[in-house]
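Q: Please find start02.tsv (TSV, C-alpha atoms) on the next line:
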chain	number	residue	atom	x	y	z
A	263	MET	CA	35.62	15.23	-20.83
A	264	LYS	CA	38.39	14.36	-23.26
A	265	ARG	CA	41.04	11.88	-22.18
A	266	THR	CA	43.80	14.43	-22.79
A	267	THR	CA	41.99	16.97	-20.61
A	268	LYS	CA	41.85	14.44	-17.77
A	269	ILE	CA	45.56	13.74	-18.19
A	270	ALA	CA	46.48	17.44	-18.16
A	271	LEU	CA	44.27	18.27	-15.19
A	272	GLY	CA	45.63	15.17	-13.46
A	273	LEU	CA	49.11	16.67	-13.64
A	274	PHE	CA	48.04	19.67	-11.61
A	275	GLY	CA	45.92	17.60	-9.19
A	276	THR	CA	48.63	15.03	-8.55
A	277	TRP	CA	51.22	17.79	-8.14
A	278	ALA	CA	48.97	19.56	-5.61
A	279	VAL	CA	48.52	16.45	-3.48
A	280	SER	CA	52.20	15.54	-3.59
A	281	ASP	CA	53.25	19.07	-2.76
A	282	LEU	CA	50.95	19.15	0.26
A	283	GLU	CA	53.24	16.46	1.68
A	284	GLU	CA	56.24	18.65	0.87
A	285	LEU	CA	54.55	21.71	2.34
A	286	TRP	CA	54.01	19.85	5.59
A	287	THR	CA	57.38	18.07	5.80
A	288	MET	CA	60.13	19.71	3.74
A	289	SER	CA	61.38	22.22	6.30
A	290	ARG	CA	61.70	19.62	9.06
A	291	SER	CA	63.10	16.98	6.69
A	292	SER	CA	65.71	19.39	5.31
A	293	ARG	CA	67.05	20.12	8.81
A	294	ARG	CA	67.77	16.40	9.22
A	295	VAL	CA	69.01	15.60	5.70
A	296	LEU	CA	71.05	18.64	4.57
A	297	PRO	CA	73.75	18.41	7.26
A	298	ARG	CA	74.36	14.79	6.27
A	299	LEU	CA	75.03	15.51	2.59
A	300	PRO	CA	78.64	15.31	1.33
A	301	GLN	CA	80.68	18.43	2.02
A	302	ALA	CA	81.70	18.49	-1.66
A	303	LEU	CA	78.19	19.61	-2.60
A	304	PRO	CA	78.02	23.42	-2.92
A	305	ILE	CA	75.41	24.04	-0.24
A	306	PRO	CA	75.60	27.32	1.70
A	307	ALA	CA	76.68	26.72	5.29
A	308	ALA	CA	73.55	28.35	6.73
A	309	LEU	CA	71.31	26.17	4.57
A	310	ARG	CA	73.26	23.04	5.47
A	311	ARG	CA	73.07	23.95	9.17
A	312	ASP	CA	69.48	25.25	9.42
A	313	GLY	CA	67.63	23.61	6.52
A	314	VAL	CA	64.99	25.47	4.58
A	315	SER	CA	62.51	27.70	6.36
A	316	GLN	CA	58.79	27.18	6.11
A	317	ARG	CA	58.51	30.49	4.23
A	318	HIS	CA	61.08	29.19	1.72
A	319	VAL	CA	59.07	25.99	1.25
A	320	THR	CA	55.73	27.77	0.92
A	321	ALA	CA	56.95	30.36	-1.59
A	322	GLY	CA	58.91	27.78	-3.57
A	323	ILE	CA	55.91	25.48	-3.86
A	324	ALA	CA	53.71	28.40	-4.93
A	325	THR	CA	56.26	29.40	-7.58
A	326	MET	CA	56.49	25.88	-8.98
A	327	GLY	CA	52.70	25.68	-8.84
A	328	VAL	CA	52.54	28.44	-11.41
A	329	VAL	CA	54.79	26.41	-13.72
A	330	ILE	CA	52.70	23.26	-13.23
A	331	ALA	CA	49.45	25.19	-13.78
A	332	LEU	CA	50.79	26.70	-17.02
A	333	ALA	CA	51.89	23.28	-18.22
A	334	ALA	CA	48.53	21.72	-17.36
A	335	ALA	CA	46.68	24.55	-19.13
A	336	SER	CA	48.93	24.05	-22.14
A	337	GLY	CA	48.11	20.35	-22.07
A	338	VAL	CA	44.38	21.08	-22.04
A	339	SER	CA	44.54	23.63	-24.85
A	340	THR	CA	46.73	21.46	-27.13
A	341	GLU	CA	45.08	18.16	-26.21
A	342	GLY	CA	48.32	16.94	-24.65
A	343	ARG	CA	50.56	17.78	-27.58
A	344	SER	CA	52.48	20.83	-26.33
A	345	PRO	CA	56.17	20.32	-25.55
A	346	LEU	CA	55.66	22.30	-22.33
A	347	PHE	CA	53.03	19.90	-21.05
A	348	ARG	CA	54.84	16.76	-22.18
A	349	GLY	CA	58.17	17.99	-20.81
A	350	VAL	CA	56.75	18.96	-17.44
A	351	LEU	CA	54.94	15.62	-17.32
A	352	LEU	CA	58.22	13.82	-18.01
A	353	GLY	CA	60.07	15.89	-15.41
A	354	PHE	CA	57.31	15.31	-12.86
A	355	GLY	CA	57.56	11.55	-13.30
A	356	LEU	CA	61.34	11.54	-13.11
A	357	HIS	CA	61.26	13.72	-10.00
A	358	GLY	CA	59.32	10.89	-8.32
A	359	PHE	CA	62.33	8.63	-8.82
A	360	GLY	CA	64.48	11.41	-7.34
A	361	HIS	CA	62.44	11.29	-4.14
A	362	LEU	CA	62.88	7.53	-3.95
A	363	GLY	CA	66.62	7.88	-4.52
A	364	MET	CA	66.94	10.52	-1.81
A	365	THR	CA	64.96	8.31	0.55
A	366	ALA	CA	67.33	5.42	-0.10
A	367	ALA	CA	70.41	7.63	0.27
A	368	ALA	CA	69.11	9.12	3.53
A	369	ARG	CA	68.09	5.68	4.77
A	370	GLY	CA	64.89	7.15	6.07
A	371	TYR	CA	62.06	9.49	5.35
A	372	VAL	CA	62.64	12.56	3.22
A	373	SER	CA	59.98	14.97	2.05
A	374	GLY	CA	58.05	13.44	-0.84
A	375	ALA	CA	58.77	9.83	0.12
A	376	VAL	CA	55.12	8.96	0.70
A	377	THR	CA	53.51	10.48	-2.39
A	378	ALA	CA	56.27	9.64	-4.90
A	379	PRO	CA	55.47	5.91	-5.02
A	380	THR	CA	51.75	6.23	-4.24
A	381	MET	CA	50.75	9.25	-6.35
A	382	VAL	CA	53.46	10.68	-8.59
A	383	LEU	CA	54.76	7.53	-10.25
A	384	PRO	CA	51.38	5.80	-10.68
A	385	TYR	CA	49.90	8.98	-12.21
A	386	TRP	CA	52.90	9.39	-14.53
A	387	LEU	CA	52.73	5.79	-15.75
A	388	TRP	CA	48.97	6.12	-16.32
A	389	ALA	CA	49.39	9.45	-18.14
A	390	ARG	CA	52.10	8.02	-20.42
A	391	ARG	CA	49.90	5.05	-21.29
A	392	GLU	CA	46.87	7.26	-21.97
A	393	LEU	CA	48.87	9.67	-24.15
A	394	ALA	CA	50.18	6.73	-26.13
A	395	ARG	CA	46.58	5.59	-26.71
A	396	GLU	CA	45.97	9.03	-28.21
A	397	GLY	CA	49.03	8.65	-30.43
A	398	ILE	CA	51.03	11.22	-28.46
A	399	ARG	CA	54.65	10.51	-27.64
A	400	GLU	CA	55.64	11.84	-24.25
A	401	ILE	CA	59.33	11.72	-25.02
A	402	ASP	CA	60.87	13.58	-27.93
A	403	ALA	CA	63.59	16.22	-28.20
A	404	PRO	CA	61.39	19.26	-27.33
A	405	ALA	CA	59.83	17.51	-24.32
A	406	VAL	CA	63.23	16.30	-23.09
A	407	ALA	CA	64.58	19.85	-23.38
A	408	VAL	CA	61.70	21.16	-21.25
A	409	ALA	CA	62.20	18.38	-18.69
A	410	ALA	CA	65.94	19.06	-18.55
A	411	ALA	CA	65.24	22.76	-17.97
A	412	GLY	CA	63.27	21.77	-14.88
A	413	ILE	CA	66.43	20.85	-12.97
A	414	PRO	CA	68.06	24.30	-13.06
A	415	LEU	CA	64.62	25.89	-12.66
A	416	ALA	CA	63.96	24.00	-9.41
A	417	MET	CA	67.48	24.72	-8.16
A	418	GLY	CA	67.07	28.38	-9.09
A	419	VAL	CA	63.76	28.61	-7.26
A	420	HIS	CA	65.35	27.10	-4.15
A	421	ALA	CA	68.32	29.48	-4.40
A	422	LEU	CA	66.03	32.49	-4.80
A	423	MET	CA	63.83	31.44	-1.88
A	424	PHE	CA	66.88	30.84	0.31
A	425	LYS	CA	68.16	34.31	-0.52
A	426	LEU	CA	64.78	35.94	0.07
A	427	PHE	CA	63.83	34.15	3.26
A	428	ARG	CA	67.00	33.38	5.19
A	429	ASP	CA	66.88	34.90	8.63
What would the structure in this file look like if it were written as C-alpha cells?
A:
Amino acid sequence: MKRTTKIALGLFGTWAVSDLEELWTMSRSSRRVLPRLPQALPIPAALRRDGVSQRHVTAGIATMGVVIALAAASGVSTEGRSPLFRGVLLGFGLHGFGHLGMTAAARGYVSGAVTAPTMVLPYWLWARRELAREGIREIDAPAVAVAAAGIPLAMGVHALMFKLFRD
C-alpha cells in the first residue's frame, strides 16, 4: 500500500476513533460546559440551558463523517495532493488543539479531551511528516482555504442539527 494511501485512510480511521469519544460524551459534556460560557457568545438560550441532544450529536457526527470520507477518498485518488484532503487534514489537526484549549478553559473534561492528545495530534504530526517525505506540502493557500471553511461548516452543521432536533 502506498504511503499516501495510508495517510489518507488514516485520516478517516483517526477521525472515526476520535468521534466515538464525542458520540459517547458530547451531549453530557455540553450540558455542563455550555451554561458556563460567556453570555456575550451568541448561543441560543435553549442550547445554553439544555446542551446538545444525543440525536444532534449523532446526526452531526454522521454529517461530518461524509466530509471526512470524501476528503480521505480524495487523498487516496490524488496520492495526497488534493487541496480538499490537505485542507481537511490541516483542519483536523488544528481542531485537536481546539479540544485542548476548551479543556483548559473549562478546567475539566470536555468531549474530545482524551483523543485529541492521544490520537488526533499524533496522527496529524505523523501525516504531515509523511507527506513531506513524499514532497507534498500540507499548507498552501488552497489547503488553508479548505481548512478555514471547516469552521463555518462545523458551526453550520451544529446550527442545523440544533434546529432539526431541539425538543
Q: Need the shell around Ala405 of chain A: protein/DNA/RNA residues with any atom at most 9 Å away, counting only C-alpha atoms. Skip same-chain ones fewer than 6 positions apart. Format as a count of residues only?
A: 9
Q: By how many Å are atom CA of Thr287 of chain A and atom CA of Arg390 of chain A apart?
A: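 These two atoms are separated by 28.6 Å.
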Q: For Pro384 of chain A, which of A:Lys264, A:Met288, A:Gly355, A:Met326 is the closest residue, counting all atoms listed in the file?
A: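 Going through A:Lys264, A:Met288, A:Gly355, A:Met326 one by one, the smallest distance to Pro384 of chain A is for A:Gly355.
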Q: Pick out the residues sitting within 12 Å of Pro379 of chain A, and hand them over as JSON, numbers by chain; count all atoms listed in the file, and ignore anything fewer than 2 positions along from it in its own chain.
A: {"A": [276, 280, 355, 356, 357, 358, 359, 360, 361, 362, 363, 365, 374, 375, 376, 377, 381, 382, 383, 384, 385, 386, 387]}
Q: Considering all atoms listed in the file, state which residue in the set A:Gly370, A:Gly353, A:Gly342, A:Gly418 is at the smallest distance from Leu393 of chain A.
A: A:Gly342
Q: If I only have part of segment 335-368 of chain A, can you fill in N, CA and C atoms and write it as a PDB file, in the coordinates of the input?
A:
ATOM      1  N   ALA A 335      47.528  23.773 -18.228  1.00  0.00           N
ATOM      2  CA  ALA A 335      46.680  24.550 -19.130  1.00  0.00           C
ATOM      3  C   ALA A 335      47.110  24.350 -20.583  1.00  0.00           C
ATOM      4  N   SER A 336      48.412  24.300 -20.809  1.00  0.00           N
ATOM      5  CA  SER A 336      48.930  24.050 -22.140  1.00  0.00           C
ATOM      6  C   SER A 336      48.525  22.655 -22.624  1.00  0.00           C
ATOM      7  N   GLY A 337      48.538  21.703 -21.722  1.00  0.00           N
ATOM      8  CA  GLY A 337      48.110  20.350 -22.070  1.00  0.00           C
ATOM      9  C   GLY A 337      46.638  20.290 -22.437  1.00  0.00           C
ATOM     10  N   VAL A 338      45.807  21.039 -21.711  1.00  0.00           N
ATOM     11  CA  VAL A 338      44.380  21.080 -22.040  1.00  0.00           C
ATOM     12  C   VAL A 338      44.172  21.722 -23.407  1.00  0.00           C
ATOM     13  N   SER A 339      44.804  22.878 -23.617  1.00  0.00           N
ATOM     14  CA  SER A 339      44.540  23.630 -24.850  1.00  0.00           C
ATOM     15  C   SER A 339      45.105  22.962 -26.111  1.00  0.00           C
ATOM     16  N   THR A 340      46.132  22.130 -25.955  1.00  0.00           N
ATOM     17  CA  THR A 340      46.730  21.460 -27.130  1.00  0.00           C
ATOM     18  C   THR A 340      46.380  19.975 -27.173  1.00  0.00           C
ATOM     19  N   GLU A 341      45.468  19.573 -26.320  1.00  0.00           N
ATOM     20  CA  GLU A 341      45.080  18.160 -26.210  1.00  0.00           C
ATOM     21  C   GLU A 341      46.287  17.259 -25.963  1.00  0.00           C
ATOM     22  N   GLY A 342      47.174  17.730 -25.080  1.00  0.00           N
ATOM     23  CA  GLY A 342      48.320  16.940 -24.650  1.00  0.00           C
ATOM     24  C   GLY A 342      49.521  16.979 -25.564  1.00  0.00           C
ATOM     25  N   ARG A 343      49.486  17.801 -26.584  1.00  0.00           N
ATOM     26  CA  ARG A 343      50.560  17.780 -27.580  1.00  0.00           C
ATOM     27  C   ARG A 343      51.668  18.806 -27.332  1.00  0.00           C
ATOM     28  N   SER A 344      51.462  19.782 -26.482  1.00  0.00           N
ATOM     29  CA  SER A 344      52.480  20.830 -26.330  1.00  0.00           C
ATOM     30  C   SER A 344      53.749  20.277 -25.693  1.00  0.00           C
ATOM     31  N   PRO A 345      54.911  20.726 -26.176  1.00  0.00           N
ATOM     32  CA  PRO A 345      56.170  20.320 -25.550  1.00  0.00           C
ATOM     33  C   PRO A 345      56.249  20.734 -24.081  1.00  0.00           C
ATOM     34  N   LEU A 346      55.651  21.870 -23.739  1.00  0.00           N
ATOM     35  CA  LEU A 346      55.660  22.300 -22.330  1.00  0.00           C
ATOM     36  C   LEU A 346      54.959  21.274 -21.466  1.00  0.00           C
ATOM     37  N   PHE A 347      53.766  20.889 -21.842  1.00  0.00           N
ATOM     38  CA  PHE A 347      53.030  19.900 -21.050  1.00  0.00           C
ATOM     39  C   PHE A 347      53.772  18.577 -20.994  1.00  0.00           C
ATOM     40  N   ARG A 348      54.185  18.067 -22.151  1.00  0.00           N
ATOM     41  CA  ARG A 348      54.840  16.760 -22.180  1.00  0.00           C
ATOM     42  C   ARG A 348      56.171  16.775 -21.433  1.00  0.00           C
ATOM     43  N   GLY A 349      56.895  17.883 -21.522  1.00  0.00           N
ATOM     44  CA  GLY A 349      58.170  17.990 -20.810  1.00  0.00           C
ATOM     45  C   GLY A 349      58.000  18.079 -19.313  1.00  0.00           C
ATOM     46  N   VAL A 350      57.015  18.862 -18.876  1.00  0.00           N
ATOM     47  CA  VAL A 350      56.750  18.960 -17.440  1.00  0.00           C
ATOM     48  C   VAL A 350      56.237  17.620 -16.914  1.00  0.00           C
ATOM     49  N   LEU A 351      55.403  16.953 -17.700  1.00  0.00           N
ATOM     50  CA  LEU A 351      54.940  15.620 -17.320  1.00  0.00           C
ATOM     51  C   LEU A 351      56.116  14.663 -17.144  1.00  0.00           C
ATOM     52  N   LEU A 352      57.034  14.669 -18.098  1.00  0.00           N
ATOM     53  CA  LEU A 352      58.220  13.820 -18.010  1.00  0.00           C
ATOM     54  C   LEU A 352      59.048  14.175 -16.776  1.00  0.00           C
ATOM     55  N   GLY A 353      59.301  15.452 -16.576  1.00  0.00           N
ATOM     56  CA  GLY A 353      60.070  15.890 -15.410  1.00  0.00           C
ATOM     57  C   GLY A 353      59.390  15.529 -14.103  1.00  0.00           C
ATOM     58  N   PHE A 354      58.065  15.648 -14.072  1.00  0.00           N
ATOM     59  CA  PHE A 354      57.310  15.310 -12.860  1.00  0.00           C
ATOM     60  C   PHE A 354      57.476  13.837 -12.524  1.00  0.00           C
ATOM     61  N   GLY A 355      57.375  12.983 -13.543  1.00  0.00           N
ATOM     62  CA  GLY A 355      57.560  11.550 -13.300  1.00  0.00           C
ATOM     63  C   GLY A 355      58.966  11.232 -12.824  1.00  0.00           C
ATOM     64  N   LEU A 356      59.948  11.805 -13.490  1.00  0.00           N
ATOM     65  CA  LEU A 356      61.340  11.540 -13.110  1.00  0.00           C
ATOM     66  C   LEU A 356      61.641  12.065 -11.712  1.00  0.00           C
ATOM     67  N   HIS A 357      61.017  13.177 -11.337  1.00  0.00           N
ATOM     68  CA  HIS A 357      61.260  13.720 -10.000  1.00  0.00           C
ATOM     69  C   HIS A 357      60.770  12.740  -8.926  1.00  0.00           C
ATOM     70  N   GLY A 358      59.761  11.922  -9.260  1.00  0.00           N
ATOM     71  CA  GLY A 358      59.320  10.890  -8.320  1.00  0.00           C
ATOM     72  C   GLY A 358      60.427   9.892  -8.015  1.00  0.00           C
ATOM     73  N   PHE A 359      61.189   9.527  -9.050  1.00  0.00           N
ATOM     74  CA  PHE A 359      62.330   8.630  -8.820  1.00  0.00           C
ATOM     75  C   PHE A 359      63.403   9.328  -7.980  1.00  0.00           C
ATOM     76  N   GLY A 360      63.533  10.644  -8.160  1.00  0.00           N
ATOM     77  CA  GLY A 360      64.480  11.410  -7.340  1.00  0.00           C
ATOM     78  C   GLY A 360      64.145  11.318  -5.864  1.00  0.00           C
ATOM     79  N   HIS A 361      62.854  11.421  -5.548  1.00  0.00           N
ATOM     80  CA  HIS A 361      62.440  11.290  -4.140  1.00  0.00           C
ATOM     81  C   HIS A 361      62.778   9.906  -3.596  1.00  0.00           C
ATOM     82  N   LEU A 362      62.552   8.888  -4.410  1.00  0.00           N
ATOM     83  CA  LEU A 362      62.880   7.530  -3.950  1.00  0.00           C
ATOM     84  C   LEU A 362      64.388   7.372  -3.754  1.00  0.00           C
ATOM     85  N   GLY A 363      65.170   7.939  -4.664  1.00  0.00           N
ATOM     86  CA  GLY A 363      66.620   7.880  -4.520  1.00  0.00           C
ATOM     87  C   GLY A 363      67.108   8.610  -3.281  1.00  0.00           C
ATOM     88  N   MET A 364      66.536   9.767  -3.016  1.00  0.00           N
ATOM     89  CA  MET A 364      66.940  10.520  -1.810  1.00  0.00           C
ATOM     90  C   MET A 364      66.541   9.763  -0.552  1.00  0.00           C
ATOM     91  N   THR A 365      65.390   9.105  -0.593  1.00  0.00           N
ATOM     92  CA  THR A 365      64.960   8.310   0.550  1.00  0.00           C
ATOM     93  C   THR A 365      65.941   7.172   0.811  1.00  0.00           C
ATOM     94  N   ALA A 366      66.362   6.512  -0.248  1.00  0.00           N
ATOM     95  CA  ALA A 366      67.330   5.420  -0.100  1.00  0.00           C
ATOM     96  C   ALA A 366      68.664   5.947   0.409  1.00  0.00           C
ATOM     97  N   ALA A 367      69.119   7.071  -0.150  1.00  0.00           N
ATOM     98  CA  ALA A 367      70.410   7.630   0.270  1.00  0.00           C
ATOM     99  C   ALA A 367      70.369   8.089   1.723  1.00  0.00           C
ATOM    100  N   ALA A 368      69.231   8.640   2.150  1.00  0.00           N
ATOM    101  CA  ALA A 368      69.110   9.120   3.530  1.00  0.00           C
ATOM    102  C   ALA A 368      68.812   7.983   4.503  1.00  0.00           C
TER     103      ALA A 368
END
